[in-house]
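S.K.: Dropping a structure here in structure tokens format, bear with me for questions.
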Amino acid sequence: MEQSLLKIQELKKYFPIRKGLFKKQIGIAKVVDDISFNIGKGEVVGLIGESGAGKSILLQTIALLRQPTEGKVVFNGQDLADCSKKELKKIRKQMQLIPQDHQNSLHPRMTIREILKEPLKIHGIGSKDEKERKARELLELVELESNYLNRFPHQLSGGQKQRVAIARALALRPELILCDEPVSALDVSIQAQILNLFMDLQKQFGLSYLFVAQDLAVLRQISYHILVLYLGKFIEIGLDGIIYENPLHPYTKTFLDASPSIKKNIYEGERIPITWGDVPTPLDPPAGCAFHPRCNQAIEICQKVEPKLEKVNEKHFVACHRVNE
Ligand code: SF4
């Protein structure tokens with residue numbers, strides 16, 4: 001990978017589960033459990049997993065919107081746990097989050113002008129005229145006319161709202177953008193336009209993205225490094241496109257099954273159906289391999305022993321007892 005921009009070390013985010021009048025703790029939900037990875041400068045890393053895998057909580061914990069239970073978030077060489085409030089404010093400028101619910105993430109009573117100027121106001125950047133100029137520049141960057149400045153979010157389409165959310169994330173010229181399923185709610189044709197916009201901006205500004213999706217075909221357009229998350233843990237990591245050509249974990253293969261374009265053009269391996277059912281809850285995860293109740297490759301050991309994320313080669317890591325068969 002390139003020179004490290006973001007380094008995540010053994011990150012955990014646990015939630016105590018309480019019940020009753022006296023809020024007695026009855027358990028712990030391990031929503032993010034021992035996660036480590038790096039993102040280099042100018043690099044795009046894709047993160048995939050079903051709803052309930054812990055993707056949003058992971059991003060919010062990295063962005064320090066939630067306090068980690070354990071582990072380190074190191075940005076540009078600085079451990080965020082050791083930073084003063086002033087240093088954290090500076091880092092928040094450099095690391096922006098585009099939240100999943102872009103339909104509701106824009107304040108309904110603010111005009112697009114006010115929404116785009118808000119981060120500049122918070123960080124005390126620019127005079128009144130400079131803020132106005134910047135708001136116009138940001139709209140231009142995301143290919144919207146300046147007459148949108150006077151509109152309210154409800155007057156915009158889903159794709160236009162997402163363009164505004166991207167413009168707002170760019171207002172402070174960040175180095176890293178954490179993109180939480182930014183195209184999932186959009187029509188396929190609009191998805192392609194927004195993905196192209198993400199890629200153009202990435203090249204133009206040398207941005208790094210941690211880009212979340214539930215669709216491998218979407219990730220393939222933007223990233224060759226893929227992290228696969230299941231119940232708060234990585235179960236497969238592949239660099240340089242290896243996941244698209246040679247996925248090894250049965251769970252990852254199901255995402256390829258759901259992506260006909262990759263299935264047809266790249267991956268020629270065996271198809272392994274799973275029993276979809278619901279994602280197990282992190283409150284009471286299955287023993288052994290957390291995927292075993294849904295995996296038709298499961299053998300006896302899978303129900304008892306949790307597989308560790310093992311190195312297959314320099315570019316590929318998998319947590320499955322049957323990876324070498
Ligand atoms: Fe399936 Fe067993 Fe591999 Fe888990 S460890 S993915 S249950 S084969």
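Chain identifiers are assigned as A, B, and so on, following the order in which chains appear in the structure tokens; residues are numbered from 1 within each chain, and ligands are numbered from 1 in order of appearance.
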Please identify all protein, DNA and RNA residues within 6 Å of ligand 1, counting only C-alpha atoms and all ligand atoms, and report them as number ranges by chain.
M.R.: A: 249-250, 289, 291-292, 295, 297-299, 302, 307, 320-322
S.K.: Those residues you just picked out, can you put them in a file as a PDB file, in the first residue's frame with C-alpha atoms?
M.R.:
ATOM      1  CA  HIS A 249     -14.516 -17.222   1.737  1.00  0.00           C
ATOM      2  CA  PRO A 250     -17.993 -18.694   1.062  1.00  0.00           C
ATOM      3  CA  CYS A 289     -17.211 -19.569  12.832  1.00  0.00           C
ATOM      4  CA  PHE A 291     -20.962 -17.791   9.537  1.00  0.00           C
ATOM      5  CA  HIS A 292     -21.454 -21.521  10.133  1.00  0.00           C
ATOM      6  CA  CYS A 295     -22.644 -21.951   5.303  1.00  0.00           C
ATOM      7  CA  GLN A 297     -19.448 -25.873   3.452  1.00  0.00           C
ATOM      8  CA  ALA A 298     -19.438 -26.093   7.264  1.00  0.00           C
ATOM      9  CA  ILE A 299     -17.786 -29.094   8.913  1.00  0.00           C
ATOM     10  CA  CYS A 302     -16.654 -24.779  12.211  1.00  0.00           C
ATOM     11  CA  PRO A 307     -11.160 -19.383  12.324  1.00  0.00           C
ATOM     12  CA  CYS A 320     -12.066 -20.028   7.017  1.00  0.00           C
ATOM     13  CA  HIS A 321     -11.080 -23.520   8.174  1.00  0.00           C
ATOM     14  CA  ARG A 322     -11.457 -24.858   4.633  1.00  0.00           C
TER      15      ARG A 322
END
S.K.: Could you pull the residues within 7 Å of Leu116 in chain A, counting only C-alpha atoms, minus those fewer than 4 positions along the same chain, as a ChimeraX atom specification?
M.R.: /A:112,135,168,171
S.K.: Find the spatial neighbours of Leu210 in chain A, counting only C-alpha atoms, within a cut-off of 12 Å - ignore same-chain residues fewer than 3 positions away - and output them as a PyMOL selection string.
M.R.: chain A and resi 5-7+37-48+55-56+58-60+62-63+95-98+175-182+198+202+207+213+219+222-227
S.K.: Give me every alpha helix (DSSP H) residue in range 7-230 of chain A, going by DSSP on the backbone, as a ChimeraX atom specification.
M.R.: /A:55-62,85-94,102-105,112-122,128-141,158-170,188-205,216-222
S.K.: Nearest to Leu139 in chain A among A:Gly126, A:Arg163, A:Lys90, A:Pro293, with distances taken over only C-alpha atoms: which residue is it?
M.R.: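 The answer is A:Arg163, which sits nearest to Leu139 in chain A.
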S.K.: How far is it from CA of Glu300 in chain A to CA of Val318 in chain A, in Å with one decimal?
M.R.: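 Distance between the two atoms: 18.8 Å.
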S.K.: Smallest atom-to-atom distance to Leu64 in chain A: which of A:Pro280, A:Val32, A:Leu80, A:Arg109, using only C-alpha atoms?
M.R.: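 Going through A:Pro280, A:Val32, A:Leu80, A:Arg109 one by one, the smallest distance to Leu64 in chain A is for A:Leu80.
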S.K.: Using only C-alpha atoms, what table do you get, as a Markdown table, when you list each residue of range 192-259 of chain A with an atom no more than 7 Å from range 311-316 of chain A, its nearest pair of atoms, and their distance in Å rounded to one decimal, rows by chain then rising number?
M.R.:
| residue | atom | partner | partner_atom | distance |
| --- | --- | --- | --- | --- |
| A:Ile237 | CA | A:His316 | CA | 5.8 |
| A:Gly238 | CA | A:His316 | CA | 4.6 |
| A:Leu239 | CA | A:Lys315 | CA | 5.0 |
S.K.: So that I can check the surroundings of Leu172 in chain A, please list as a PDB file with all heavy atoms, in the first residue's frame every protein, DNA and RNA residue that reaches within 8 Å of it, counting only C-alpha atoms and ignoring chain neighbours fewer than 2 positions away.
M.R.:
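Everything below was put into out_6.pdb:
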ATOM      1  N   LYS A  93     -11.168  18.159  10.176  1.00  0.00           N
ATOM      2  CA  LYS A  93     -11.195  18.863   8.881  1.00  0.00           C
ATOM      3  C   LYS A  93     -10.655  17.968   7.780  1.00  0.00           C
ATOM      4  O   LYS A  93     -11.107  17.977   6.648  1.00  0.00           O
ATOM      5  CB  LYS A  93     -10.266  20.092   8.961  1.00  0.00           C
ATOM      6  CG  LYS A  93     -10.974  21.379   9.174  1.00  0.00           C
ATOM      7  CD  LYS A  93     -10.001  22.498   9.429  1.00  0.00           C
ATOM      8  CE  LYS A  93      -9.322  22.992   8.167  1.00  0.00           C
ATOM      9  NZ  LYS A  93      -8.381  24.079   8.419  1.00  0.00           N
ATOM     10  N   GLN A  94      -9.632  17.192   8.144  1.00  0.00           N
ATOM     11  CA  GLN A  94      -8.935  16.376   7.131  1.00  0.00           C
ATOM     12  C   GLN A  94      -9.617  15.037   6.877  1.00  0.00           C
ATOM     13  O   GLN A  94      -9.282  14.343   5.922  1.00  0.00           O
ATOM     14  CB  GLN A  94      -7.485  16.132   7.580  1.00  0.00           C
ATOM     15  CG  GLN A  94      -6.707  17.425   7.693  1.00  0.00           C
ATOM     16  CD  GLN A  94      -5.436  17.245   8.502  1.00  0.00           C
ATOM     17  OE1 GLN A  94      -5.340  16.362   9.353  1.00  0.00           O
ATOM     18  NE2 GLN A  94      -4.451  18.073   8.228  1.00  0.00           N
ATOM     19  N   PRO A 119     -19.711  24.172   7.212  1.00  0.00           N
ATOM     20  CA  PRO A 119     -18.399  23.703   7.699  1.00  0.00           C
ATOM     21  C   PRO A 119     -17.359  24.822   7.738  1.00  0.00           C
ATOM     22  O   PRO A 119     -16.495  24.845   8.621  1.00  0.00           O
ATOM     23  CB  PRO A 119     -17.986  22.636   6.671  1.00  0.00           C
ATOM     24  CG  PRO A 119     -19.172  22.366   5.825  1.00  0.00           C
ATOM     25  CD  PRO A 119     -20.142  23.467   6.011  1.00  0.00           C
ATOM     26  N   LEU A 120     -17.460  25.776   6.795  1.00  0.00           N
ATOM     27  CA  LEU A 120     -16.508  26.888   6.761  1.00  0.00           C
ATOM     28  C   LEU A 120     -16.718  27.793   7.977  1.00  0.00           C
ATOM     29  O   LEU A 120     -15.759  28.274   8.590  1.00  0.00           O
ATOM     30  CB  LEU A 120     -16.681  27.703   5.471  1.00  0.00           C
ATOM     31  CG  LEU A 120     -16.575  26.890   4.174  1.00  0.00           C
ATOM     32  CD1 LEU A 120     -16.979  27.723   2.976  1.00  0.00           C
ATOM     33  CD2 LEU A 120     -15.146  26.382   3.981  1.00  0.00           C
ATOM     34  N   ALA A 169     -18.800  17.575   2.031  1.00  0.00           N
ATOM     35  CA  ALA A 169     -17.631  16.843   2.554  1.00  0.00           C
ATOM     36  C   ALA A 169     -16.327  17.420   2.006  1.00  0.00           C
ATOM     37  O   ALA A 169     -15.287  17.348   2.660  1.00  0.00           O
ATOM     38  CB  ALA A 169     -17.740  15.358   2.197  1.00  0.00           C
ATOM     39  N   LEU A 170     -16.392  18.020   0.802  1.00  0.00           N
ATOM     40  CA  LEU A 170     -15.174  18.562   0.181  1.00  0.00           C
ATOM     41  C   LEU A 170     -14.844  19.975   0.660  1.00  0.00           C
ATOM     42  O   LEU A 170     -13.746  20.475   0.394  1.00  0.00           O
ATOM     43  CB  LEU A 170     -15.338  18.605  -1.348  1.00  0.00           C
ATOM     44  CG  LEU A 170     -15.318  17.266  -2.080  1.00  0.00           C
ATOM     45  CD1 LEU A 170     -15.709  17.474  -3.534  1.00  0.00           C
ATOM     46  CD2 LEU A 170     -13.935  16.630  -2.002  1.00  0.00           C
ATOM     47  N   PRO A 174     -10.612  17.836   2.610  1.00  0.00           N
ATOM     48  CA  PRO A 174     -10.101  16.717   3.411  1.00  0.00           C
ATOM     49  C   PRO A 174      -9.100  15.870   2.626  1.00  0.00           C
ATOM     50  O   PRO A 174      -9.037  15.958   1.393  1.00  0.00           O
ATOM     51  CB  PRO A 174     -11.362  15.905   3.694  1.00  0.00           C
ATOM     52  CG  PRO A 174     -12.229  16.171   2.504  1.00  0.00           C
ATOM     53  CD  PRO A 174     -11.967  17.586   2.108  1.00  0.00           C
TER      54      PRO A 174
END
S.K.: With distances taken over only C-alpha atoms, which residue among A:Lys161, A:Gly77, A:Val212, A:Ala217 lies nearest Ile190 in chain A?
M.R.: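 Counting only C-alpha atoms, the residue closest to Ile190 in chain A is A:Lys161.
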S.K.: Hey, what's within 9 Å of Val279 in chain A if we count only C-alpha atoms and toss same-chain stuff fewer than 3 positions away? As a list in words, please?
M.R.: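 Residues near the query, excluding close chain neighbours: Glu50, Ser51, Gly52, Ala53, Tyr230, Leu231, Trp276, Phe291 and Arg294 of chain A.
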S.K.: Keeping C-alpha atoms, export the residues of the selection given above as an mmCIF file, in the first residue's frame.
M.R.:
data_model
loop_
_atom_site.group_PDB
_atom_site.id
_atom_site.type_symbol
_atom_site.label_atom_id
_atom_site.label_comp_id
_atom_site.auth_asym_id
_atom_site.auth_seq_id
_atom_site.Cartn_x
_atom_site.Cartn_y
_atom_site.Cartn_z
ATOM 1 C CA GLU A 50 -24.660 -6.928 4.770
ATOM 2 C CA SER A 51 -26.836 -4.650 6.891
ATOM 3 C CA GLY A 52 -25.986 -5.344 10.516
ATOM 4 C CA ALA A 53 -22.347 -6.269 9.803
ATOM 5 C CA TYR A 230 -19.134 -10.106 8.898
ATOM 6 C CA LEU A 231 -20.571 -9.552 12.361
ATOM 7 C CA TRP A 276 -29.382 -16.541 3.635
ATOM 8 C CA PHE A 291 -20.962 -17.791 9.537
ATOM 9 C CA ARG A 294 -25.555 -20.155 6.972
#
S.K.: Would you compute the distance between CA of Ile243 in chain A and CA of Phe75 in chain A? Give it in Å to one decimal.
M.R.: 26.5 Å
S.K.: Between A:Pro108, A:Glu310, A:Phe317, A:Gly241, which one has atoms that come closest to Pro153 in chain A, using only C-alpha atoms?
M.R.: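 Closest residue, counting only C-alpha atoms: A:Pro108.
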S.K.: Excluding Arg136 in chain A and any residue of its chain fewer than 6 positions from it, enumerate the residues within 10 Å of it, using only C-alpha atoms, and give them as a count of residues only.
M.R.: 10
S.K.: Which residue gives the smallest distance to Pro285 in chain A among A:Ala29, A:Leu11, A:Ile17, A:Leu197, with only C-alpha atoms counted?
M.R.: A:Ala29
S.K.: So that I can see what lies close to Lys72 in chain A, please list as a VMD selection string the residues with an atom at most 8 Å from it, counting only C-alpha atoms and leaving out residues fewer than 2 positions away in the same chain.
M.R.: chain A and resid 7 to 11 70 74 79 to 81
S.K.: Can you tell me how far CA of Lys121 in chain A sits from CA of Pro68 in chain A, in Å to one decimal?
M.R.: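 Computing the Euclidean distance for CA of Lys121 in chain A and CA of Pro68 in chain A yields 28.2 Å.
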S.K.: Please return as a PyMOL selection string: the residues of range 60-302 of chain A that backbone DSSP assigns to strand (DSSP E).
M.R.: chain A and resi 70-75+78-79+95-98+176-179+208-213+225-230+233-238
